[in-house]
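Q: Input file: run_18.cif. Contents: mmCIF, C-alpha atoms.
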```cif
data_target
#
loop_
_atom_site.label_atom_id
_atom_site.label_comp_id
_atom_site.auth_asym_id
_atom_site.auth_seq_id
_atom_site.Cartn_x
_atom_site.Cartn_y
_atom_site.Cartn_z
CA MET I 1 -58.68 -48.76 202.98
CA ALA I 2 -57.22 -45.29 202.34
CA MET I 3 -58.65 -43.06 199.68
CA LEU I 4 -56.18 -43.36 196.81
CA ARG I 5 -57.24 -41.61 193.65
CA PRO I 6 -55.81 -40.35 190.38
CA ASN I 7 -55.25 -36.71 189.54
CA PRO I 8 -56.76 -35.21 186.36
CA ARG I 9 -53.69 -36.41 184.35
CA GLY I 10 -54.30 -39.99 185.52
CA ASP I 11 -51.29 -40.25 187.86
CA PHE I 12 -52.12 -42.66 190.69
CA PRO I 13 -50.43 -42.88 194.12
CA VAL I 14 -47.83 -45.62 194.64
CA VAL I 15 -47.66 -46.89 198.22
CA SER I 16 -45.14 -49.42 199.54
CA GLU I 17 -46.64 -52.58 200.98
CA SER I 18 -44.82 -51.92 204.27
CA ALA I 19 -46.35 -48.44 204.67
CA PHE I 20 -49.53 -47.78 206.63
CA VAL I 21 -52.02 -45.21 205.34
CA ASP I 22 -55.00 -44.55 207.61
CA PRO I 23 -58.38 -45.23 205.94
CA THR I 24 -59.39 -41.57 206.41
CA ALA I 25 -56.29 -40.20 204.63
CA ILE I 26 -56.52 -38.99 201.03
CA LEU I 27 -53.65 -39.48 198.56
CA CYS I 28 -54.22 -38.02 195.11
CA GLY I 29 -52.08 -38.11 192.00
CA HIS I 30 -48.33 -38.47 191.62
CA VAL I 31 -47.62 -39.45 195.24
CA ILE I 32 -44.88 -41.96 196.12
CA VAL I 33 -44.86 -43.45 199.63
CA GLU I 34 -41.78 -45.51 200.50
CA GLY I 35 -41.44 -48.36 203.03
CA ASP I 36 -42.30 -48.20 206.74
CA VAL I 37 -44.09 -44.86 206.38
CA PHE I 38 -46.98 -44.00 208.70
CA ILE I 39 -49.69 -41.68 207.33
CA GLY I 40 -52.18 -40.75 210.03
CA PRO I 41 -55.89 -39.97 210.09
CA TYR I 42 -57.20 -37.19 207.86
CA ALA I 43 -53.87 -36.45 206.19
CA VAL I 44 -54.23 -35.08 202.65
CA ILE I 45 -51.42 -35.48 200.12
CA ARG I 46 -52.24 -34.09 196.67
CA ALA I 47 -49.98 -34.01 193.62
CA ASP I 48 -52.58 -32.76 191.19
CA GLU I 49 -51.66 -29.28 189.90
CA ALA I 50 -49.80 -29.44 186.59
CA ASP I 51 -47.32 -26.89 185.25
CA GLU I 52 -47.91 -24.96 182.00
CA ASN I 53 -46.71 -28.03 180.04
CA GLY I 54 -49.07 -30.40 181.86
CA HIS I 55 -46.27 -31.99 183.92
CA VAL I 56 -46.61 -32.96 187.60
CA GLU I 57 -43.53 -33.71 189.72
CA PRO I 58 -44.05 -36.26 192.51
CA ILE I 59 -44.69 -35.78 196.16
CA ARG I 60 -42.32 -38.33 197.67
CA ILE I 61 -42.43 -39.52 201.28
CA GLY I 62 -39.14 -41.18 202.30
CA SER I 63 -38.81 -44.47 204.15
CA GLY I 64 -39.53 -44.57 207.86
CA SER I 65 -41.15 -41.13 207.87
CA ASN I 66 -44.44 -40.22 209.47
CA ILE I 67 -47.12 -37.87 208.28
CA GLN I 68 -49.36 -37.35 211.29
CA ASP I 69 -53.05 -36.54 211.75
CA GLY I 70 -54.46 -33.72 209.63
CA VAL I 71 -51.23 -32.89 207.76
CA VAL I 72 -51.65 -31.34 204.30
CA ILE I 73 -48.96 -31.76 201.63
CA HIS I 74 -49.54 -30.05 198.28
CA SER I 75 -47.64 -28.16 195.60
CA LYS I 76 -48.22 -25.36 193.15
CA ASP I 77 -47.82 -25.67 189.40
CA GLY I 78 -46.62 -29.28 189.39
CA ALA I 79 -43.53 -28.61 191.54
CA ALA I 80 -41.96 -31.44 193.54
CA VAL I 81 -42.24 -31.99 197.27
CA THR I 82 -39.74 -34.36 198.83
CA ILE I 83 -39.91 -35.56 202.42
CA GLY I 84 -36.73 -37.38 203.45
CA SER I 85 -36.31 -40.60 205.41
CA ARG I 86 -37.09 -40.88 209.13
CA THR I 87 -38.72 -37.45 209.12
CA SER I 88 -41.71 -36.50 211.29
CA ILE I 89 -44.37 -34.07 210.12
CA ALA I 90 -46.54 -33.48 213.21
CA HIS I 91 -50.28 -32.95 213.51
CA ARG I 92 -51.98 -30.33 211.30
CA SER I 93 -48.80 -29.06 209.65
CA ILE I 94 -48.78 -27.83 206.06
CA ILE I 95 -45.95 -28.62 203.66
CA HIS I 96 -46.51 -26.67 200.43
CA GLY I 97 -44.18 -26.98 197.48
CA PRO I 98 -42.00 -26.46 195.85
CA CYS I 99 -40.31 -27.83 198.94
CA THR I 100 -37.66 -30.27 200.13
CA VAL I 101 -37.59 -31.54 203.71
CA GLY I 102 -34.46 -33.60 204.40
CA ASP I 103 -33.77 -36.77 206.37
CA GLU I 104 -34.32 -36.93 210.13
CA VAL I 105 -36.21 -33.62 210.31
CA PHE I 106 -38.93 -32.84 212.84
CA ILE I 107 -41.70 -30.41 211.88
CA GLY I 108 -43.87 -29.51 214.90
CA PHE I 109 -47.65 -29.15 215.26
CA ASN I 110 -49.39 -26.54 213.08
CA SER I 111 -46.21 -25.44 211.35
CA VAL I 112 -46.13 -24.23 207.74
CA ILE I 113 -43.22 -25.02 205.42
CA PHE I 114 -43.48 -23.26 202.04
CA ASN I 115 -41.20 -22.80 199.04
CA CYS I 116 -38.03 -23.77 200.86
CA THR I 117 -35.47 -26.44 201.69
CA VAL I 118 -35.14 -27.78 205.22
CA GLU I 119 -31.90 -29.74 205.38
CA ARG I 120 -31.06 -32.89 207.36
CA GLY I 121 -31.55 -32.98 211.12
CA CYS I 122 -33.44 -29.71 211.51
CA VAL I 123 -36.10 -29.23 214.16
CA VAL I 124 -38.92 -26.79 213.47
CA ARG I 125 -41.01 -26.56 216.62
CA HIS I 126 -44.75 -25.97 216.88
CA ASN I 127 -46.70 -23.16 215.21
CA SER I 128 -43.73 -21.93 213.17
CA VAL I 129 -43.56 -20.69 209.59
CA VAL I 130 -40.55 -21.29 207.35
CA GLU I 131 -40.72 -19.94 203.79
CA ASP I 132 -38.53 -18.75 200.93
CA CYS I 133 -35.22 -19.93 202.40
CA VAL I 134 -32.74 -22.75 202.83
CA LEU I 135 -32.65 -23.92 206.43
CA PRO I 136 -29.14 -25.42 206.86
CA ALA I 137 -28.60 -28.84 208.44
CA GLU I 138 -29.25 -29.19 212.17
CA PHE I 139 -30.87 -25.80 212.73
CA TYR I 140 -33.41 -25.40 215.55
CA ILE I 141 -36.44 -23.18 214.96
CA PRO I 142 -38.19 -22.42 218.29
CA SER I 143 -41.99 -22.56 218.58
CA THR I 144 -43.94 -19.66 217.03
CA THR I 145 -40.93 -18.46 215.00
CA THR I 146 -41.42 -17.05 211.51
CA ILE I 147 -38.58 -17.24 208.99
CA HIS I 148 -39.20 -15.39 205.70
CA SER I 149 -35.74 -15.43 204.14
CA ASN I 150 -32.16 -16.61 204.57
CA THR I 151 -31.29 -13.37 206.40
CA ASP I 152 -33.71 -14.31 209.21
CA LEU I 153 -31.46 -17.29 210.02
CA LEU I 154 -28.71 -15.24 211.65
CA THR I 155 -30.22 -15.60 215.14
CA ILE I 156 -31.25 -19.26 214.89
CA PRO I 157 -29.32 -21.83 217.01
CA GLN I 158 -28.13 -25.33 216.13
CA VAL I 159 -30.18 -28.35 217.19
CA THR I 160 -29.50 -29.57 220.72
CA GLN I 161 -28.92 -33.22 221.62
CA ASP I 162 -32.27 -33.27 223.48
CA ALA I 163 -34.14 -32.06 220.38
CA THR I 164 -32.38 -34.66 218.24
CA ALA I 165 -33.24 -37.44 220.70
CA PHE I 166 -36.88 -36.32 220.75
CA SER I 167 -37.06 -36.32 216.94
CA GLU I 168 -35.53 -39.79 216.76
CA SER I 169 -37.98 -41.18 219.34
CA VAL I 170 -40.98 -39.80 217.39
CA ALA I 171 -39.69 -41.38 214.17
CA GLU I 172 -39.07 -44.76 215.86
CA MET I 173 -42.52 -44.77 217.49
CA ASN I 174 -44.26 -44.05 214.20
CA VAL I 175 -42.38 -46.79 212.32
CA SER I 176 -43.59 -49.13 215.06
CA LEU I 177 -47.14 -47.78 214.59
CA ALA I 178 -46.95 -48.35 210.83
CA HIS I 179 -46.04 -52.01 211.44
CA SER I 180 -48.71 -52.47 214.13
CA TYR I 181 -51.51 -50.89 212.11
CA ARG I 182 -50.53 -52.93 209.02
CA ARG I 183 -50.74 -56.08 211.16
CA ILE I 184 -54.20 -55.06 212.46
CA ALA I 185 -55.41 -54.22 208.94
CA ASN I 186 -54.28 -57.63 207.70
CA GLN I 187 -56.28 -59.34 210.46
CA LEU I 188 -59.56 -57.62 209.56
#
```
Kindly return the structure encoded in the file as structure tokens.
A:
Amino acid sequence: MAMLRPNPRGDFPVVSESAFVDPTAILCGHVIVEGDVFIGPYAVIRADEADENGHVEPIRIGSGSNIQDGVVIHSKDGAAVTIGSRTSIAHRSIIHGPCTVGDEVFIGFNSVIFNCTVERGCVVRHNSVVEDCVLPAEFYIPSTTTIHSNTDLLTIPQVTQDATAFSESVAEMNVSLAHSYRRIANQL
């Protein structure tokens, strides 16, 4: 069973029965995991830092999304992090709030998303950094790109059909994995 634990305020993770959370993953505090989500090995999702009034906004993982191996999701000063539906956060990425990642987004291996909004259908390829900006819907961030503000977006292309198809296939595969691993866990 996954490591689910309260934060210092006593908020405890809420995980849908149709989600799969790997036994090595750690979910701490005000974390909400919706249906058909896959959370892979060694992922860490912590909603444990409170603001100056002691309030902690949730980290919410939308339905059908996947949080792959070694991903870290956290937030500063109790700020919210929202991951949309059918979104893929690939191996060893960091999502640090305040942050909103929309529906049907793909975040590639080792990427860092900080203090920003990534709107629906975006693809952020591997080893990229996106911070302090709003990434409009269906933008494509090539591997090893660093975006530090909205002005950096002027040279960024729209998502191609191939990139969209790849993102959709990753999301579909991980929903299937969530179902399969839940079935295996229920047989043990």
Q: Identify, on the basis of all atoms listed in the file, every residue whose closest approach to I:Asn115 does not exceed 12 Å; exclude the query and any residue fewer than 2 positions from it along the same chain; express the result as an mmCIF file with C-alpha atoms, in the coordinates of the input.
A:
```cif
data_model
loop_
_atom_site.group_PDB
_atom_site.id
_atom_site.type_symbol
_atom_site.label_atom_id
_atom_site.label_comp_id
_atom_site.auth_asym_id
_atom_site.auth_seq_id
_atom_site.Cartn_x
_atom_site.Cartn_y
_atom_site.Cartn_z
ATOM 1 C CA HIS I 74 -49.540 -30.050 198.280
ATOM 2 C CA SER I 75 -47.640 -28.160 195.600
ATOM 3 C CA LYS I 76 -48.220 -25.360 193.150
ATOM 4 C CA ALA I 79 -43.530 -28.610 191.540
ATOM 5 C CA ALA I 80 -41.960 -31.440 193.540
ATOM 6 C CA VAL I 81 -42.240 -31.990 197.270
ATOM 7 C CA THR I 82 -39.740 -34.360 198.830
ATOM 8 C CA ILE I 94 -48.780 -27.830 206.060
ATOM 9 C CA ILE I 95 -45.950 -28.620 203.660
ATOM 10 C CA HIS I 96 -46.510 -26.670 200.430
ATOM 11 C CA GLY I 97 -44.180 -26.980 197.480
ATOM 12 C CA PRO I 98 -42.000 -26.460 195.850
ATOM 13 C CA CYS I 99 -40.310 -27.830 198.940
ATOM 14 C CA THR I 100 -37.660 -30.270 200.130
ATOM 15 C CA VAL I 101 -37.590 -31.540 203.710
ATOM 16 C CA VAL I 112 -46.130 -24.230 207.740
ATOM 17 C CA ILE I 113 -43.220 -25.020 205.420
ATOM 18 C CA THR I 117 -35.470 -26.440 201.690
ATOM 19 C CA VAL I 118 -35.140 -27.780 205.220
ATOM 20 C CA VAL I 129 -43.560 -20.690 209.590
ATOM 21 C CA VAL I 130 -40.550 -21.290 207.350
ATOM 22 C CA GLU I 131 -40.720 -19.940 203.790
ATOM 23 C CA ASP I 132 -38.530 -18.750 200.930
ATOM 24 C CA CYS I 133 -35.220 -19.930 202.400
ATOM 25 C CA VAL I 134 -32.740 -22.750 202.830
ATOM 26 C CA LEU I 135 -32.650 -23.920 206.430
ATOM 27 C CA ILE I 147 -38.580 -17.240 208.990
ATOM 28 C CA HIS I 148 -39.200 -15.390 205.700
ATOM 29 C CA SER I 149 -35.740 -15.430 204.140
#
```
Q: Can you list what the PyMOL selection byres ((chain I and resi 38) around 12) grabs from this structure, as a PDB file with C-alpha atoms, in the coordinates of the input?
A:
```pdb
ATOM      1  CA  VAL I  15     -47.660 -46.890 198.220  1.00  0.00           C
ATOM      2  CA  SER I  16     -45.140 -49.420 199.540  1.00  0.00           C
ATOM      3  CA  GLU I  17     -46.640 -52.580 200.980  1.00  0.00           C
ATOM      4  CA  SER I  18     -44.820 -51.920 204.270  1.00  0.00           C
ATOM      5  CA  ALA I  19     -46.350 -48.440 204.670  1.00  0.00           C
ATOM      6  CA  PHE I  20     -49.530 -47.780 206.630  1.00  0.00           C
ATOM      7  CA  VAL I  21     -52.020 -45.210 205.340  1.00  0.00           C
ATOM      8  CA  ASP I  22     -55.000 -44.550 207.610  1.00  0.00           C
ATOM      9  CA  PRO I  23     -58.380 -45.230 205.940  1.00  0.00           C
ATOM     10  CA  ALA I  25     -56.290 -40.200 204.630  1.00  0.00           C
ATOM     11  CA  VAL I  33     -44.860 -43.450 199.630  1.00  0.00           C
ATOM     12  CA  GLU I  34     -41.780 -45.510 200.500  1.00  0.00           C
ATOM     13  CA  GLY I  35     -41.440 -48.360 203.030  1.00  0.00           C
ATOM     14  CA  ASP I  36     -42.300 -48.200 206.740  1.00  0.00           C
ATOM     15  CA  VAL I  37     -44.090 -44.860 206.380  1.00  0.00           C
ATOM     16  CA  ILE I  39     -49.690 -41.680 207.330  1.00  0.00           C
ATOM     17  CA  GLY I  40     -52.180 -40.750 210.030  1.00  0.00           C
ATOM     18  CA  PRO I  41     -55.890 -39.970 210.090  1.00  0.00           C
ATOM     19  CA  ALA I  43     -53.870 -36.450 206.190  1.00  0.00           C
ATOM     20  CA  ILE I  61     -42.430 -39.520 201.280  1.00  0.00           C
ATOM     21  CA  GLY I  62     -39.140 -41.180 202.300  1.00  0.00           C
ATOM     22  CA  SER I  63     -38.810 -44.470 204.150  1.00  0.00           C
ATOM     23  CA  GLY I  64     -39.530 -44.570 207.860  1.00  0.00           C
ATOM     24  CA  SER I  65     -41.150 -41.130 207.870  1.00  0.00           C
ATOM     25  CA  ASN I  66     -44.440 -40.220 209.470  1.00  0.00           C
ATOM     26  CA  ILE I  67     -47.120 -37.870 208.280  1.00  0.00           C
ATOM     27  CA  GLN I  68     -49.360 -37.350 211.290  1.00  0.00           C
ATOM     28  CA  ASP I  69     -53.050 -36.540 211.750  1.00  0.00           C
ATOM     29  CA  VAL I  71     -51.230 -32.890 207.760  1.00  0.00           C
ATOM     30  CA  SER I  85     -36.310 -40.600 205.410  1.00  0.00           C
ATOM     31  CA  ARG I  86     -37.090 -40.880 209.130  1.00  0.00           C
ATOM     32  CA  THR I  87     -38.720 -37.450 209.120  1.00  0.00           C
ATOM     33  CA  SER I  88     -41.710 -36.500 211.290  1.00  0.00           C
ATOM     34  CA  ILE I  89     -44.370 -34.070 210.120  1.00  0.00           C
ATOM     35  CA  ALA I  90     -46.540 -33.480 213.210  1.00  0.00           C
ATOM     36  CA  VAL I 170     -40.980 -39.800 217.390  1.00  0.00           C
ATOM     37  CA  ALA I 171     -39.690 -41.380 214.170  1.00  0.00           C
ATOM     38  CA  GLU I 172     -39.070 -44.760 215.860  1.00  0.00           C
ATOM     39  CA  MET I 173     -42.520 -44.770 217.490  1.00  0.00           C
ATOM     40  CA  ASN I 174     -44.260 -44.050 214.200  1.00  0.00           C
ATOM     41  CA  VAL I 175     -42.380 -46.790 212.320  1.00  0.00           C
ATOM     42  CA  SER I 176     -43.590 -49.130 215.060  1.00  0.00           C
ATOM     43  CA  LEU I 177     -47.140 -47.780 214.590  1.00  0.00           C
ATOM     44  CA  ALA I 178     -46.950 -48.350 210.830  1.00  0.00           C
ATOM     45  CA  HIS I 179     -46.040 -52.010 211.440  1.00  0.00           C
ATOM     46  CA  SER I 180     -48.710 -52.470 214.130  1.00  0.00           C
ATOM     47  CA  TYR I 181     -51.510 -50.890 212.110  1.00  0.00           C
ATOM     48  CA  ARG I 182     -50.530 -52.930 209.020  1.00  0.00           C
TER      49      ARG I 182
END
```
Q: Distance cut-off 9 Å, centre (-43.7, -19.0, 214.2) in file coordinates, counting all atoms listed in the file: which residues qualify? Return them as a count of residues only.
A: 15
Q: Under the rule that only C-alpha atoms are counted, which of I:Asp48, I:Glu138, I:Glu119, I:Glu57 is the nearest residue to I:Arg9?
A: I:Asp48
Q: Determine the nearest neighbour of I:Val56 from the options I:Val124, I:Leu154, I:Ala2, I:Val31, counting all atoms listed in the file.
A: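 Of all the options, I:Val31 lies closest to I:Val56.
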Q: What would stretch 18-29 of chain I look like with all heavy atoms restored, written as a PDB file, in the frame of the given file?
A:
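rebuild-v8.pdb was written with the following content:
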```pdb
ATOM      1  N   SER I  18     -45.160 -52.000 202.850  1.00  0.00           N
ATOM      2  CA  SER I  18     -44.820 -51.920 204.270  1.00  0.00           C
ATOM      3  C   SER I  18     -45.236 -50.593 204.910  1.00  0.00           C
ATOM      4  O   SER I  18     -45.022 -50.384 206.097  1.00  0.00           O
ATOM      5  CB  SER I  18     -43.321 -52.159 204.488  1.00  0.00           C
ATOM      6  OG  SER I  18     -42.570 -51.106 203.937  1.00  0.00           O
ATOM      7  N   ALA I  19     -45.845 -49.709 204.132  1.00  0.00           N
ATOM      8  CA  ALA I  19     -46.350 -48.440 204.670  1.00  0.00           C
ATOM      9  C   ALA I  19     -47.753 -48.664 205.232  1.00  0.00           C
ATOM     10  O   ALA I  19     -48.455 -49.588 204.830  1.00  0.00           O
ATOM     11  CB  ALA I  19     -46.391 -47.377 203.594  1.00  0.00           C
ATOM     12  N   PHE I  20     -48.150 -47.782 206.152  1.00  0.00           N
ATOM     13  CA  PHE I  20     -49.530 -47.780 206.630  1.00  0.00           C
ATOM     14  C   PHE I  20     -50.130 -46.414 206.322  1.00  0.00           C
ATOM     15  O   PHE I  20     -49.580 -45.382 206.709  1.00  0.00           O
ATOM     16  CB  PHE I  20     -49.641 -48.033 208.137  1.00  0.00           C
ATOM     17  CG  PHE I  20     -51.040 -47.838 208.637  1.00  0.00           C
ATOM     18  CD1 PHE I  20     -51.987 -48.826 208.443  1.00  0.00           C
ATOM     19  CD2 PHE I  20     -51.424 -46.655 209.252  1.00  0.00           C
ATOM     20  CE1 PHE I  20     -53.304 -48.642 208.866  1.00  0.00           C
ATOM     21  CE2 PHE I  20     -52.731 -46.451 209.676  1.00  0.00           C
ATOM     22  CZ  PHE I  20     -53.667 -47.456 209.490  1.00  0.00           C
ATOM     23  N   VAL I  21     -51.274 -46.429 205.630  1.00  0.00           N
ATOM     24  CA  VAL I  21     -52.020 -45.210 205.340  1.00  0.00           C
ATOM     25  C   VAL I  21     -53.396 -45.373 205.988  1.00  0.00           C
ATOM     26  O   VAL I  21     -54.148 -46.301 205.658  1.00  0.00           O
ATOM     27  CB  VAL I  21     -52.160 -44.980 203.819  1.00  0.00           C
ATOM     28  CG1 VAL I  21     -52.939 -43.704 203.548  1.00  0.00           C
ATOM     29  CG2 VAL I  21     -50.788 -44.926 203.145  1.00  0.00           C
ATOM     30  N   ASP I  22     -53.715 -44.479 206.925  1.00  0.00           N
ATOM     31  CA  ASP I  22     -55.000 -44.550 207.610  1.00  0.00           C
ATOM     32  C   ASP I  22     -56.149 -44.493 206.611  1.00  0.00           C
ATOM     33  O   ASP I  22     -56.070 -43.774 205.603  1.00  0.00           O
ATOM     34  CB  ASP I  22     -55.117 -43.392 208.608  1.00  0.00           C
ATOM     35  CG  ASP I  22     -56.343 -43.536 209.470  1.00  0.00           C
ATOM     36  OD1 ASP I  22     -56.249 -44.212 210.509  1.00  0.00           O
ATOM     37  OD2 ASP I  22     -57.410 -42.984 209.091  1.00  0.00           O
ATOM     38  N   PRO I  23     -57.239 -45.225 206.873  1.00  0.00           N
ATOM     39  CA  PRO I  23     -58.380 -45.230 205.940  1.00  0.00           C
ATOM     40  C   PRO I  23     -59.008 -43.857 205.701  1.00  0.00           C
ATOM     41  O   PRO I  23     -59.664 -43.657 204.685  1.00  0.00           O
ATOM     42  CB  PRO I  23     -59.388 -46.170 206.612  1.00  0.00           C
ATOM     43  CG  PRO I  23     -58.572 -47.035 207.492  1.00  0.00           C
ATOM     44  CD  PRO I  23     -57.407 -46.188 207.951  1.00  0.00           C
ATOM     45  N   THR I  24     -58.805 -42.903 206.606  1.00  0.00           N
ATOM     46  CA  THR I  24     -59.390 -41.570 206.410  1.00  0.00           C
ATOM     47  C   THR I  24     -58.469 -40.626 205.641  1.00  0.00           C
ATOM     48  O   THR I  24     -58.874 -39.512 205.305  1.00  0.00           O
ATOM     49  CB  THR I  24     -59.733 -40.919 207.768  1.00  0.00           C
ATOM     50  OG1 THR I  24     -58.521 -40.765 208.521  1.00  0.00           O
ATOM     51  CG2 THR I  24     -60.738 -41.764 208.545  1.00  0.00           C
ATOM     52  N   ALA I  25     -57.240 -41.049 205.371  1.00  0.00           N
ATOM     53  CA  ALA I  25     -56.290 -40.200 204.630  1.00  0.00           C
ATOM     54  C   ALA I  25     -56.661 -40.190 203.152  1.00  0.00           C
ATOM     55  O   ALA I  25     -57.255 -41.138 202.636  1.00  0.00           O
ATOM     56  CB  ALA I  25     -54.870 -40.721 204.822  1.00  0.00           C
ATOM     57  N   ILE I  26     -56.278 -39.103 202.471  1.00  0.00           N
ATOM     58  CA  ILE I  26     -56.520 -38.990 201.030  1.00  0.00           C
ATOM     59  C   ILE I  26     -55.173 -38.769 200.344  1.00  0.00           C
ATOM     60  O   ILE I  26     -54.450 -37.822 200.677  1.00  0.00           O
ATOM     61  CB  ILE I  26     -57.461 -37.815 200.709  1.00  0.00           C
ATOM     62  CG1 ILE I  26     -58.825 -38.043 201.359  1.00  0.00           C
ATOM     63  CG2 ILE I  26     -57.585 -37.618 199.200  1.00  0.00           C
ATOM     64  CD1 ILE I  26     -59.749 -36.847 201.274  1.00  0.00           C
ATOM     65  N   LEU I  27     -54.839 -39.631 199.391  1.00  0.00           N
ATOM     66  CA  LEU I  27     -53.650 -39.480 198.560  1.00  0.00           C
ATOM     67  C   LEU I  27     -54.127 -39.367 197.124  1.00  0.00           C
ATOM     68  O   LEU I  27     -54.876 -40.241 196.639  1.00  0.00           O
ATOM     69  CB  LEU I  27     -52.703 -40.679 198.695  1.00  0.00           C
ATOM     70  CG  LEU I  27     -51.780 -40.695 199.917  1.00  0.00           C
ATOM     71  CD1 LEU I  27     -52.528 -40.731 201.215  1.00  0.00           C
ATOM     72  CD2 LEU I  27     -50.824 -41.858 199.816  1.00  0.00           C
ATOM     73  N   CYS I  28     -53.722 -38.294 196.451  1.00  0.00           N
ATOM     74  CA  CYS I  28     -54.220 -38.020 195.110  1.00  0.00           C
ATOM     75  C   CYS I  28     -53.069 -37.727 194.166  1.00  0.00           C
ATOM     76  O   CYS I  28     -52.242 -36.861 194.444  1.00  0.00           O
ATOM     77  CB  CYS I  28     -55.187 -36.836 195.171  1.00  0.00           C
ATOM     78  SG  CYS I  28     -55.836 -36.339 193.559  1.00  0.00           S
ATOM     79  N   GLY I  29     -53.022 -38.436 193.058  1.00  0.00           N
ATOM     80  CA  GLY I  29     -52.080 -38.110 192.000  1.00  0.00           C
ATOM     81  C   GLY I  29     -50.715 -38.732 192.157  1.00  0.00           C
ATOM     82  O   GLY I  29     -50.551 -39.824 192.684  1.00  0.00           O
TER      83      GLY I  29
END
```
